[in-house]
Each structure stands twice: as C-alpha cells, then as structure tokens.
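Student: You'll find run-v5.cif just under this line, and it carries mmCIF, C-alpha atoms.
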data_work
#
loop_
_atom_site.label_atom_id
_atom_site.label_comp_id
_atom_site.auth_asym_id
_atom_site.auth_seq_id
_atom_site.Cartn_x
_atom_site.Cartn_y
_atom_site.Cartn_z
CA MET A 117 11.42 -2.54 -8.55
CA LEU A 118 11.74 1.26 -8.56
CA LYS A 119 14.21 1.12 -5.66
CA ARG A 120 16.42 -1.26 -7.65
CA PHE A 121 16.08 0.84 -10.80
CA ASN A 122 17.02 3.94 -8.83
CA SER A 123 19.84 2.30 -6.88
CA ASN A 124 22.36 4.84 -8.21
CA GLY A 125 19.93 7.73 -7.88
CA THR A 126 19.59 8.46 -11.59
CA CYS A 127 15.85 7.99 -12.00
CA SER A 128 14.24 11.36 -12.64
CA VAL A 129 10.69 10.53 -13.67
CA VAL A 130 8.17 7.70 -13.48
CA GLN A 131 4.61 7.23 -14.59
CA THR A 132 2.15 5.27 -12.50
CA ASP A 133 -1.54 4.51 -12.38
CA TYR A 134 -3.05 6.59 -9.60
CA SER A 135 -6.63 7.55 -8.92
CA LEU A 136 -9.32 7.53 -6.27
CA LEU A 137 -10.03 3.98 -7.42
CA ASN A 138 -6.39 2.92 -7.27
CA LEU A 139 -4.61 4.26 -4.22
CA ALA A 140 -1.94 1.55 -4.19
CA ALA A 141 0.87 4.02 -4.90
CA GLU A 142 0.15 6.02 -1.75
CA SER A 143 1.65 3.63 0.77
CA ASP A 144 5.28 3.32 -0.41
CA PHE A 145 5.70 4.33 -4.04
CA LEU A 146 4.77 8.02 -3.84
CA PRO A 147 6.61 8.68 -0.54
CA TYR A 148 9.75 7.07 -2.05
CA CYS A 149 9.49 9.27 -5.15
CA GLN A 150 8.97 12.38 -3.06
CA GLN A 151 11.94 11.55 -0.86
CA HIS A 152 14.21 11.01 -3.87
CA GLY A 153 13.00 13.89 -6.03
CA ILE A 154 11.56 11.60 -8.69
CA ALA A 155 8.87 13.37 -10.69
CA VAL A 156 5.67 11.33 -10.92
CA MET A 157 3.23 11.52 -13.80
CA ALA A 158 -0.12 10.14 -12.67
CA ARG A 159 -1.91 8.27 -15.40
CA GLY A 160 -5.46 7.04 -15.15
CA PRO A 161 -6.74 9.71 -12.74
CA LEU A 162 -10.25 9.02 -14.07
CA ALA A 163 -9.75 5.25 -13.91
CA ARG A 164 -10.45 4.65 -17.62
CA GLY A 165 -13.46 6.93 -17.45
CA LEU A 166 -15.11 5.31 -14.44
CA LEU A 167 -14.65 8.44 -12.36
CA SER A 168 -16.45 10.52 -14.96
CA GLY A 169 -19.65 9.00 -13.58
CA ARG A 170 -20.83 8.13 -17.09
CA TYR A 171 -21.03 4.40 -16.60
CA THR A 172 -23.59 2.17 -14.98
CA GLU A 173 -24.15 -1.58 -14.82
CA GLU A 174 -26.03 -1.18 -18.12
CA SER A 175 -22.99 0.18 -19.96
CA THR A 176 -21.44 -1.92 -22.70
CA PHE A 177 -17.91 -1.42 -23.93
CA HIS A 178 -16.62 -1.99 -27.44
CA ASP A 179 -13.11 -0.53 -27.30
CA ALA A 180 -10.07 -2.75 -26.81
CA VAL A 181 -9.29 -1.36 -23.37
CA ARG A 182 -12.56 -1.90 -21.49
CA THR A 183 -14.22 -5.00 -22.88
CA SER A 184 -13.11 -6.83 -19.73
CA TRP A 185 -15.80 -4.81 -17.90
CA ASN A 186 -18.62 -6.31 -19.99
CA ASP A 187 -21.03 -8.96 -18.67
CA ASP A 188 -18.81 -11.84 -19.73
CA GLY A 189 -15.50 -10.11 -19.00
CA PRO A 190 -12.97 -11.09 -16.32
CA ASP A 191 -13.15 -7.72 -14.56
CA ARG A 192 -16.95 -7.51 -14.40
CA ARG A 193 -17.16 -7.95 -10.65
CA LYS A 194 -14.59 -5.27 -9.94
CA PHE A 195 -16.28 -2.96 -12.46
CA LEU A 196 -19.61 -3.26 -10.66
CA GLN A 197 -17.96 -2.62 -7.28
CA GLN A 198 -16.27 0.48 -8.64
CA VAL A 199 -19.45 1.77 -10.28
CA THR A 200 -21.08 1.57 -6.84
CA GLN A 201 -18.15 3.43 -5.28
CA VAL A 202 -18.37 6.19 -7.89
CA GLN A 203 -22.12 6.51 -7.33
CA LYS A 204 -21.44 7.08 -3.64
CA LEU A 205 -18.83 9.68 -4.45
CA ALA A 206 -21.21 11.38 -6.88
CA ARG A 207 -23.63 12.00 -4.02
CA VAL A 208 -21.18 14.28 -2.23
CA VAL A 209 -20.21 16.44 -5.20
CA GLN A 210 -22.41 18.99 -6.94
CA SER A 211 -22.48 17.61 -10.46
CA ARG A 212 -20.82 15.25 -12.87
CA SER A 213 -18.44 18.01 -13.92
CA GLU A 214 -17.48 18.42 -10.30
CA LEU A 215 -16.97 14.67 -10.03
CA VAL A 216 -14.47 14.80 -12.88
CA ARG A 217 -12.71 17.84 -11.45
CA SER A 218 -12.54 16.30 -7.98
CA ALA A 219 -11.13 13.04 -9.30
CA VAL A 220 -8.45 14.74 -11.39
CA ALA A 221 -7.61 17.21 -8.61
CA TYR A 222 -7.34 14.33 -6.15
CA SER A 223 -4.40 12.94 -8.10
CA SER A 224 -2.77 16.23 -9.08
CA SER A 225 -2.95 17.53 -5.50
CA HIS A 226 -0.85 14.77 -3.98
CA PRO A 227 2.47 16.41 -3.08
CA ALA A 228 4.48 13.70 -4.86
CA ILE A 229 2.60 14.10 -8.14
CA SER A 230 4.12 16.55 -10.61
CA VAL A 231 1.45 16.20 -13.25
CA SER A 232 -1.75 14.25 -13.65
CA ILE A 233 -2.51 13.22 -17.22
CA PRO A 234 -6.19 12.41 -17.72
CA GLY A 235 -7.00 11.28 -21.22
CA ALA A 236 -9.57 13.04 -23.36
CA LYS A 237 -11.37 12.12 -26.56
CA SER A 238 -12.75 15.56 -27.36
CA ALA A 239 -11.97 19.24 -26.93
CA ALA A 240 -14.73 19.53 -24.32
CA GLN A 241 -13.29 16.70 -22.23
CA ALA A 242 -9.80 18.20 -22.44
CA ARG A 243 -11.15 21.57 -21.25
CA MET A 244 -13.05 19.91 -18.41
CA ASN A 245 -9.99 17.96 -17.28
CA ALA A 246 -7.75 21.01 -17.48
CA SER A 247 -10.16 23.01 -15.33
CA ALA A 248 -9.29 20.67 -12.47
CA GLY A 249 -5.80 22.16 -12.53
CA LYS A 250 -7.15 25.43 -11.13
CA THR A 251 -7.68 23.75 -7.78
CA MET A 252 -5.30 22.13 -5.34
CA LEU A 253 -7.12 20.08 -2.73
CA THR A 254 -6.04 20.09 0.89
CA ALA A 255 -5.15 16.85 2.64
CA ALA A 256 -8.48 17.03 4.48
CA GLU A 257 -10.43 17.48 1.23
CA ARG A 258 -8.60 14.56 -0.34
CA LYS A 259 -9.35 12.41 2.68
CA MET A 260 -13.02 13.32 2.46
CA LEU A 261 -13.18 12.13 -1.16
CA VAL A 262 -11.64 8.78 -0.24
CA HIS A 263 -14.09 8.46 2.63
CA ALA A 264 -17.02 9.17 0.29
CA LEU A 265 -16.18 6.09 -1.77
CA SER A 266 -17.03 3.69 1.03
CA MET B 204 -3.69 26.35 -14.00
CA HIS B 205 -1.51 25.51 -11.03
CA SER B 206 2.12 24.84 -11.67
CA LYS B 207 4.10 22.10 -9.96
CA THR B 208 7.77 21.20 -9.91
CA PHE B 209 8.95 18.24 -11.95
CA GLY B 210 10.93 16.46 -9.26
CA LYS B 211 14.65 17.08 -8.99
CA LEU B 212 14.72 18.34 -12.57
CA GLY B 213 13.00 21.41 -11.19
CA TRP B 214 10.94 22.20 -14.28
CA PRO B 215 7.69 24.05 -13.69
CA VAL B 216 4.88 21.97 -15.22
CA SER B 217 1.10 22.23 -15.40
CA ALA B 218 -0.60 20.30 -12.60
CA VAL B 219 -2.90 18.72 -15.18
CA GLY B 220 -1.67 17.59 -18.57
CA LEU B 221 -3.16 15.57 -21.38
CA GLY B 222 -3.03 11.80 -21.69
CA THR B 223 -3.13 10.98 -25.38
CA TRP B 224 -3.67 7.24 -25.40
CA ASN B 225 -7.36 7.94 -25.88
CA ILE B 226 -6.86 9.74 -29.15
CA GLY B 227 -4.46 7.11 -30.45
CA ASN B 228 -7.31 4.86 -31.55
CA GLN B 229 -6.86 2.44 -28.66
CA TRP B 230 -10.28 3.38 -27.26
CA GLY B 231 -12.25 3.37 -30.48
CA VAL B 232 -11.62 5.36 -33.62
CA ILE B 233 -11.08 9.09 -33.20
CA ASP B 234 -10.84 11.12 -36.38
CA GLU B 235 -7.82 13.32 -36.92
CA ALA B 236 -9.73 16.62 -36.66
CA THR B 237 -11.14 15.64 -33.27
CA ALA B 238 -7.72 14.50 -32.08
CA TRP B 239 -6.13 17.82 -33.04
CA ALA B 240 -9.01 19.79 -31.51
CA THR B 241 -8.48 17.85 -28.27
CA ILE B 242 -4.78 18.71 -28.21
CA ARG B 243 -5.48 22.35 -29.09
CA SER B 244 -8.05 22.59 -26.35
CA ALA B 245 -5.68 21.18 -23.73
CA TYR B 246 -2.90 23.49 -24.94
CA ASP B 247 -5.16 26.54 -24.77
CA ALA B 248 -6.13 25.54 -21.22
CA LYS B 249 -2.40 25.50 -20.39
CA SER B 250 -2.21 21.75 -19.99
CA GLY B 251 1.31 22.08 -21.29
CA ARG B 252 2.46 18.57 -20.59
CA CYS B 253 1.44 15.95 -23.13
CA ASP B 254 1.84 12.23 -22.68
CA PRO B 255 4.36 10.82 -25.16
CA ARG B 256 1.86 8.10 -26.03
CA LEU B 257 0.90 10.41 -28.88
CA ARG B 258 3.17 8.18 -30.92
CA HIS B 259 0.31 5.70 -31.03
CA PHE B 260 -1.58 8.12 -33.22
CA ASP B 261 -0.32 6.59 -36.43
CA GLN B 262 -1.01 3.00 -35.46
#
Mind turning this structure into structure tokens?
Tutor:
Amino acid sequence: MLKRFNSNGTCSVVQTDYSLLNLAAESDFLPYCQQHGIAVMARGPLARGLLSGRYTEESTFHDAVRTSWNDDGPDRRKFLQQVTQVQKLARVVQSRSELVRSAVAYSSSHPAISVSIPGAKSAAQARMNASAGKTMLTAAERKMLVHALS
Amino acid sequence: MHSKTFGKLGWPVSAVGLGTWNIGNQWGVIDEATAWATIRSAYDAKSGRCDPRLRHFDQ
C-alpha cells in the first residue's frame, strides 16, 4: 500500500506500529522507507504497555483498548504468549526501568526510525520513556534483545 | 536526548517523543492536570516531538 501511495515520491512521513513484540515492519516496510527518505514515527514501542513488564496473566483490563486481553477476550492467547516473551526478556535486563528503556531504545535505534513515540499516562512515565532517548543501541544489542524473547 | 533526522525533510527530531493517545481518555480517564504534567515532563526531557493524537483530548 505504501509503495502505491508513494508512487510519485511525495510521501514524507508515515507512522507504523513497531516494537520488540511486533517486528513485522522490519522485513520490507522500514527498508523501503529508508531507501526513499520517508520519515517513520514508531508507535507502540511498548506494545500497549506489555513491554513495561507490569502485566501478568492475573492482570485485568478495563480500558477500551485492552479488554481483548482479558480472560474472555479474543486476544487472550496472544496476550499470554507475549507476557511469557516479556518475562524472558526481563531476565536479561537489570530492572523494570531498564526493560522499558531497552524496549523504547530498540525501536528508536532502528536506522529507518526518526522518532519513537511511546505513550505515557503520567509525568514519571514520560520521563522514563524519554530517558531511553539517551541511548542508541547497536545492531548487535538489538539482535540480542530479540533473541532474549524466545 | 539523541537527535535523528526526519527523513528527506531533514528536520532534526528527538529520538524519543511522546505518544498522546494515552492521555486522550482512550485508556481510562486521565485528569487534565496529570495530562499537562505528562506533556510538561516529556517537553522538559527534550521529547520535542508530540503525537498529533492530542486532538483526542477533548473527546
């Protein structure tokens, strides 16, 4: 779709979901953007909070966005799989703060990404997310994080 | 805060910005003072780029 939209080369910026738990953009989308100078804003770098490490199989969600993760929700199975992945990742980082920083830095460090836009619901969360911008991960460090999920 | 280039537009932008869907009451109710404190905090941390979804704030 992006290739068709950009057929005359006028697309300057796109926003896409991109995180350690959604690497789909890495295969074709991000290389295409990089090749054509299209700025990419990465949304969802914390995968709706999953990569904050706050959630377990006991968590219950009441907001409009995540109720599908609840016991009777259509995305329950995927949620449980991803919680397990995040728990594995958490074992290789120092703390939950480091988990957040690593997840945000994973997205912002991709060469095709211009800016990663993690959401925040408090001043403390915004500060934590922003602190990830002090670090650019190397390709090897990024690869290690992906490996830690499995 | 690292700076990155905004594609062919060439603008220098903060590597990490602020997604504002969360404070637009899509993820539960956030009071206005908390929402502004969140934006202020991101701004002070040089997360200069804000997601235009801020428009949801009044919904």
Student: Using all atoms listed in the file, select each residue of chain A with any atom at most 7 Å away from an atom of chain B, and give the selection as a ChimeraX atom specification.
Tutor: /A:128,153-155,179-181,224,230-239,242-243,246,249-250
Student: Those same residues, written as a PDB file, in the frame of the given file with C-alpha atoms?
Tutor:
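Output saved as out26.pdb:
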ATOM      1  CA  SER A 128      14.240  11.360 -12.640  1.00  0.00           C
ATOM      2  CA  GLY A 153      13.000  13.890  -6.030  1.00  0.00           C
ATOM      3  CA  ILE A 154      11.560  11.600  -8.690  1.00  0.00           C
ATOM      4  CA  ALA A 155       8.870  13.370 -10.690  1.00  0.00           C
ATOM      5  CA  ASP A 179     -13.110  -0.530 -27.300  1.00  0.00           C
ATOM      6  CA  ALA A 180     -10.070  -2.750 -26.810  1.00  0.00           C
ATOM      7  CA  VAL A 181      -9.290  -1.360 -23.370  1.00  0.00           C
ATOM      8  CA  SER A 224      -2.770  16.230  -9.080  1.00  0.00           C
ATOM      9  CA  SER A 230       4.120  16.550 -10.610  1.00  0.00           C
ATOM     10  CA  VAL A 231       1.450  16.200 -13.250  1.00  0.00           C
ATOM     11  CA  SER A 232      -1.750  14.250 -13.650  1.00  0.00           C
ATOM     12  CA  ILE A 233      -2.510  13.220 -17.220  1.00  0.00           C
ATOM     13  CA  PRO A 234      -6.190  12.410 -17.720  1.00  0.00           C
ATOM     14  CA  GLY A 235      -7.000  11.280 -21.220  1.00  0.00           C
ATOM     15  CA  ALA A 236      -9.570  13.040 -23.360  1.00  0.00           C
ATOM     16  CA  LYS A 237     -11.370  12.120 -26.560  1.00  0.00           C
ATOM     17  CA  SER A 238     -12.750  15.560 -27.360  1.00  0.00           C
ATOM     18  CA  ALA A 239     -11.970  19.240 -26.930  1.00  0.00           C
ATOM     19  CA  ALA A 242      -9.800  18.200 -22.440  1.00  0.00           C
ATOM     20  CA  ARG A 243     -11.150  21.570 -21.250  1.00  0.00           C
ATOM     21  CA  ALA A 246      -7.750  21.010 -17.480  1.00  0.00           C
ATOM     22  CA  GLY A 249      -5.800  22.160 -12.530  1.00  0.00           C
ATOM     23  CA  LYS A 250      -7.150  25.430 -11.130  1.00  0.00           C
TER      24      LYS A 250
END
Student: Carefully work through the PyMOL selection byres ((chain A and resi 195) around 12) for this structure and note down the residues it includes, as number ranges by chain.
Tutor: A: 137, 163-167, 171-177, 182-194, 196-202
Student: Give me a file of those residues, with C-alpha atoms, as a PDB file, keeping the file's coordinate frame.
Tutor:
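Wrote part.pdb, looks like this:
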ATOM      1  CA  LEU A 137     -10.030   3.980  -7.420  1.00  0.00           C
ATOM      2  CA  ALA A 163      -9.750   5.250 -13.910  1.00  0.00           C
ATOM      3  CA  ARG A 164     -10.450   4.650 -17.620  1.00  0.00           C
ATOM      4  CA  GLY A 165     -13.460   6.930 -17.450  1.00  0.00           C
ATOM      5  CA  LEU A 166     -15.110   5.310 -14.440  1.00  0.00           C
ATOM      6  CA  LEU A 167     -14.650   8.440 -12.360  1.00  0.00           C
ATOM      7  CA  TYR A 171     -21.030   4.400 -16.600  1.00  0.00           C
ATOM      8  CA  THR A 172     -23.590   2.170 -14.980  1.00  0.00           C
ATOM      9  CA  GLU A 173     -24.150  -1.580 -14.820  1.00  0.00           C
ATOM     10  CA  GLU A 174     -26.030  -1.180 -18.120  1.00  0.00           C
ATOM     11  CA  SER A 175     -22.990   0.180 -19.960  1.00  0.00           C
ATOM     12  CA  THR A 176     -21.440  -1.920 -22.700  1.00  0.00           C
ATOM     13  CA  PHE A 177     -17.910  -1.420 -23.930  1.00  0.00           C
ATOM     14  CA  ARG A 182     -12.560  -1.900 -21.490  1.00  0.00           C
ATOM     15  CA  THR A 183     -14.220  -5.000 -22.880  1.00  0.00           C
ATOM     16  CA  SER A 184     -13.110  -6.830 -19.730  1.00  0.00           C
ATOM     17  CA  TRP A 185     -15.800  -4.810 -17.900  1.00  0.00           C
ATOM     18  CA  ASN A 186     -18.620  -6.310 -19.990  1.00  0.00           C
ATOM     19  CA  ASP A 187     -21.030  -8.960 -18.670  1.00  0.00           C
ATOM     20  CA  ASP A 188     -18.810 -11.840 -19.730  1.00  0.00           C
ATOM     21  CA  GLY A 189     -15.500 -10.110 -19.000  1.00  0.00           C
ATOM     22  CA  PRO A 190     -12.970 -11.090 -16.320  1.00  0.00           C
ATOM     23  CA  ASP A 191     -13.150  -7.720 -14.560  1.00  0.00           C
ATOM     24  CA  ARG A 192     -16.950  -7.510 -14.400  1.00  0.00           C
ATOM     25  CA  ARG A 193     -17.160  -7.950 -10.650  1.00  0.00           C
ATOM     26  CA  LYS A 194     -14.590  -5.270  -9.940  1.00  0.00           C
ATOM     27  CA  LEU A 196     -19.610  -3.260 -10.660  1.00  0.00           C
ATOM     28  CA  GLN A 197     -17.960  -2.620  -7.280  1.00  0.00           C
ATOM     29  CA  GLN A 198     -16.270   0.480  -8.640  1.00  0.00           C
ATOM     30  CA  VAL A 199     -19.450   1.770 -10.280  1.00  0.00           C
ATOM     31  CA  THR A 200     -21.080   1.570  -6.840  1.00  0.00           C
ATOM     32  CA  GLN A 201     -18.150   3.430  -5.280  1.00  0.00           C
ATOM     33  CA  VAL A 202     -18.370   6.190  -7.890  1.00  0.00           C
TER      34      VAL A 202
END
Student: Find the distance between CA of Val130 in chain A and CA of Ser168 in chain A and write it in Å to one decimal.
Tutor: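 Separating CA of Val130 in chain A from CA of Ser168 in chain A is a distance of 24.8 Å.
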Student: Could you tell me which residues the PyMOL selection byres ((chain A and resi 205) around 8) grabs in this file, written as a PDB file with C-alpha atoms, keeping the file's coordinate frame?
Tutor:
ATOM      1  CA  GLN A 201     -18.150   3.430  -5.280  1.00  0.00           C
ATOM      2  CA  VAL A 202     -18.370   6.190  -7.890  1.00  0.00           C
ATOM      3  CA  GLN A 203     -22.120   6.510  -7.330  1.00  0.00           C
ATOM      4  CA  LYS A 204     -21.440   7.080  -3.640  1.00  0.00           C
ATOM      5  CA  ALA A 206     -21.210  11.380  -6.880  1.00  0.00           C
ATOM      6  CA  ARG A 207     -23.630  12.000  -4.020  1.00  0.00           C
ATOM      7  CA  VAL A 208     -21.180  14.280  -2.230  1.00  0.00           C
ATOM      8  CA  VAL A 209     -20.210  16.440  -5.200  1.00  0.00           C
ATOM      9  CA  LEU A 215     -16.970  14.670 -10.030  1.00  0.00           C
ATOM     10  CA  LEU A 261     -13.180  12.130  -1.160  1.00  0.00           C
ATOM     11  CA  ALA A 264     -17.020   9.170   0.290  1.00  0.00           C
ATOM     12  CA  LEU A 265     -16.180   6.090  -1.770  1.00  0.00           C
TER      13      LEU A 265
END
Student: Rounded to one decimal in Å, what is the spacing between CA of His263 in chain A and CA of Thr132 in chain A?
Tutor: 22.4 Å
Student: How far is it from CA of Val220 in chain A to CA of Pro161 in chain A, in Å with one decimal?
Tutor: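 Taking CA of Val220 in chain A as the start and CA of Pro161 in chain A as the end point, the length is 5.5 Å.
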Student: Residues proximal to (6.5, 9.5, -4.6) were defined as those with any atom within 10 Å of that point in the file's coordinates, counting all atoms listed in the file. Which are they, as an NGL selection string?
Tutor: (:A and (130 or 132 or 141-157 or 226-230)) or (:B and (210))
